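Written out below as structure tokens is the structure these notes cover.
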Amino acid sequence: MLIIYDTRTYNVERFVHKLRGFRCQKIQEGLTVKEPFVLVSYTTGFGQVPETTDQFLKNNFHYLVGVAASGNRVWGSNFGKCADRIASQYHVPVIHKFELAGTNRDIEIFQQGVYQIVKQSS
């Protein structure tokens, strides 16, 4: 499965670099994806989707199959809220929300969620 990610403070990038068995691609201007992917993004502001993530999804949402987000628990109900917003807008499951760069347990939970999506689509 392809993992597409967006990062600002490199927490998400550190998270995806801990994954094993997945191809990972950072969002860059003009990136076009023509295969199923899981999105991992950070949450900005008070639970908003980052502009770069939003722009990417406008052109590539057709292949989005799941979403995860990084956040900080000090934001309470806005923790990882960007995942909820994307899931609601594009009708995909939230795989996981993790704090900062995530823990080993967060990696396990995320990978299990992605494997479940792959299994359901086969």
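Following the order of the structure tokens, chains are lettered A, B, ..., residues in each are numbered from 1, and ligands are numbered from 1.
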Inset, instruction - From the DSSP assignment of the backbone, select every residue of range 13-122 of chain A that is strand (DSSP E or B), and format the answer as an NGL selection string. - result: :A and (23-26 or 37-42 or 44 or 48 or 64-71 or 94-99)
Resulting file, chosen residues, C-alpha atoms, as a PDB file, in the first residue's frame:
ATOM      1  CA  ARG A  23       6.048   2.750  -0.010  1.00  0.00           C
ATOM      2  CA  CYS A  24       5.943   6.298   1.349  1.00  0.00           C
ATOM      3  CA  GLN A  25       5.707   9.518  -0.648  1.00  0.00           C
ATOM      4  CA  LYS A  26       5.730  13.048   0.742  1.00  0.00           C
ATOM      5  CA  PHE A  37      -3.278   5.234  -0.854  1.00  0.00           C
ATOM      6  CA  VAL A  38      -3.529   5.986   2.848  1.00  0.00           C
ATOM      7  CA  LEU A  39      -2.942   9.577   3.881  1.00  0.00           C
ATOM      8  CA  VAL A  40      -1.023  10.563   7.010  1.00  0.00           C
ATOM      9  CA  SER A  41      -1.094  14.248   7.870  1.00  0.00           C
ATOM     10  CA  TYR A  42      -0.558  16.620  10.739  1.00  0.00           C
ATOM     11  CA  THR A  44      -2.856  22.496  12.240  1.00  0.00           C
ATOM     12  CA  GLN A  48      -7.802  22.143  10.660  1.00  0.00           C
ATOM     13  CA  LEU A  64      -7.900   7.732  -0.869  1.00  0.00           C
ATOM     14  CA  VAL A  65      -8.783   4.640   1.218  1.00  0.00           C
ATOM     15  CA  GLY A  66      -7.972   5.753   4.777  1.00  0.00           C
ATOM     16  CA  VAL A  67      -6.469   8.530   6.859  1.00  0.00           C
ATOM     17  CA  ALA A  68      -4.365   8.988   9.984  1.00  0.00           C
ATOM     18  CA  ALA A  69      -3.189  12.140  11.711  1.00  0.00           C
ATOM     19  CA  SER A  70      -0.599  13.411  14.111  1.00  0.00           C
ATOM     20  CA  GLY A  71      -1.505  15.851  16.812  1.00  0.00           C
ATOM     21  CA  VAL A  94      -9.787   7.060  10.362  1.00  0.00           C
ATOM     22  CA  ILE A  95      -7.065   4.466  10.851  1.00  0.00           C
ATOM     23  CA  HIS A  96      -5.361   6.084  13.821  1.00  0.00           C
ATOM     24  CA  LYS A  97      -4.478   9.334  15.577  1.00  0.00           C
ATOM     25  CA  PHE A  98      -1.080   9.555  17.204  1.00  0.00           C
ATOM     26  CA  GLU A  99       0.770  12.111  19.236  1.00  0.00           C
TER      27      GLU A  99
END
Inset, instruction - Could you tell me which of A:Thr7, A:Gln55, A:Thr43, A:Gln112 comes closest to Asn78 in chain A if we count only C-alpha atoms? - result: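 Of the candidates, the smallest distance to Asn78 in chain A is held by A:Thr43.
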Inset, instruction - Identify all residues of chain A in helix (DSSP H, G or I) (DSSP on the backbone) and supply them as a ChimeraX atom specification. - result: /A:11-17,51-63,73-78,81-90,104-121
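Proximity ranking of A:Leu57, A:Cys82, A:Met1, A:Val12 relative to Gln116 in chain A places A:Met1 first, based on only C-alpha atoms.
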Legend entry - Among the residues A:Phe46, A:Tyr90, A:Phe22, A:Phe15, the one that comes closest to Val118 in chain A [using only C-alpha atoms]: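 Result for the nearest residue to Val118 in chain A: A:Phe22.
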Legend entry - Counting only C-alpha atoms, the residue of A:Arg8, A:His91, A:Arg14, A:Lys119 that sits nearest Tyr63 in chain A: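 The answer is A:His91, which sits nearest to Tyr63 in chain A.
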Inset, instruction - Tell me which of A:Asn59, A:Val49, A:Ile4, A:Val16 sits closest to Gly30 in chain A, counting only C-alpha atoms. - result: A:Asn59
Within 10 Å of Phe56 in chain A, counting only C-alpha atoms, which residues qualify if same-chain residues fewer than 3 places away don't, as a CSV table (one decimal) with N, CA and C atoms, in the first residue's frame?
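As written to disk, around_15.csv reads:
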chain,number,residue,atom,x,y,z
A,4,ILE,N,0.9,8.2,1.6
A,4,ILE,CA,1.2,9.6,1.2
A,4,ILE,C,1.1,10.4,2.5
A,6,ASP,N,2.0,14.2,4.7
A,6,ASP,CA,2.3,15.7,4.7
A,6,ASP,C,2.9,15.9,6.1
A,27,ILE,N,3.9,14.6,0.2
A,27,ILE,CA,3.2,15.5,-0.6
A,27,ILE,C,4.1,16.6,-1.1
A,28,GLN,N,4.1,16.8,-2.4
A,28,GLN,CA,4.8,17.9,-3.1
A,28,GLN,C,3.8,18.5,-4.1
A,29,GLU,N,4.0,19.8,-4.4
A,29,GLU,CA,3.2,20.5,-5.3
A,29,GLU,C,3.2,19.7,-6.6
A,30,GLY,N,2.0,19.5,-7.2
A,30,GLY,CA,1.8,18.8,-8.4
A,30,GLY,C,1.8,17.3,-8.4
A,31,LEU,N,1.9,16.7,-7.2
A,31,LEU,CA,1.9,15.2,-7.0
A,31,LEU,C,0.6,14.7,-7.5
A,32,THR,N,0.6,13.7,-8.3
A,32,THR,CA,-0.6,13.0,-8.8
A,32,THR,C,-0.5,11.5,-8.5
A,33,VAL,N,-1.5,11.0,-7.9
A,33,VAL,CA,-1.5,9.6,-7.5
A,33,VAL,C,-2.6,8.8,-8.2
A,51,GLU,N,-3.3,23.3,4.5
A,51,GLU,CA,-3.6,23.7,3.2
A,51,GLU,C,-2.9,22.8,2.1
A,52,THR,N,-1.7,22.4,2.4
A,52,THR,CA,-1.0,21.5,1.4
A,52,THR,C,-1.7,20.1,1.3
A,53,THR,N,-2.2,19.6,2.4
A,53,THR,CA,-3.0,18.4,2.4
A,53,THR,C,-4.3,18.6,1.6
A,59,ASN,N,-7.2,17.0,-5.8
A,59,ASN,CA,-6.8,16.4,-7.1
A,59,ASN,C,-6.6,14.9,-7.0
A,60,ASN,N,-6.6,14.3,-5.8
A,60,ASN,CA,-6.2,12.9,-5.7
A,60,ASN,C,-7.2,12.1,-4.8
A,61,PHE,N,-8.3,12.7,-4.4
A,61,PHE,CA,-9.1,12.0,-3.4
A,61,PHE,C,-9.7,10.7,-3.9
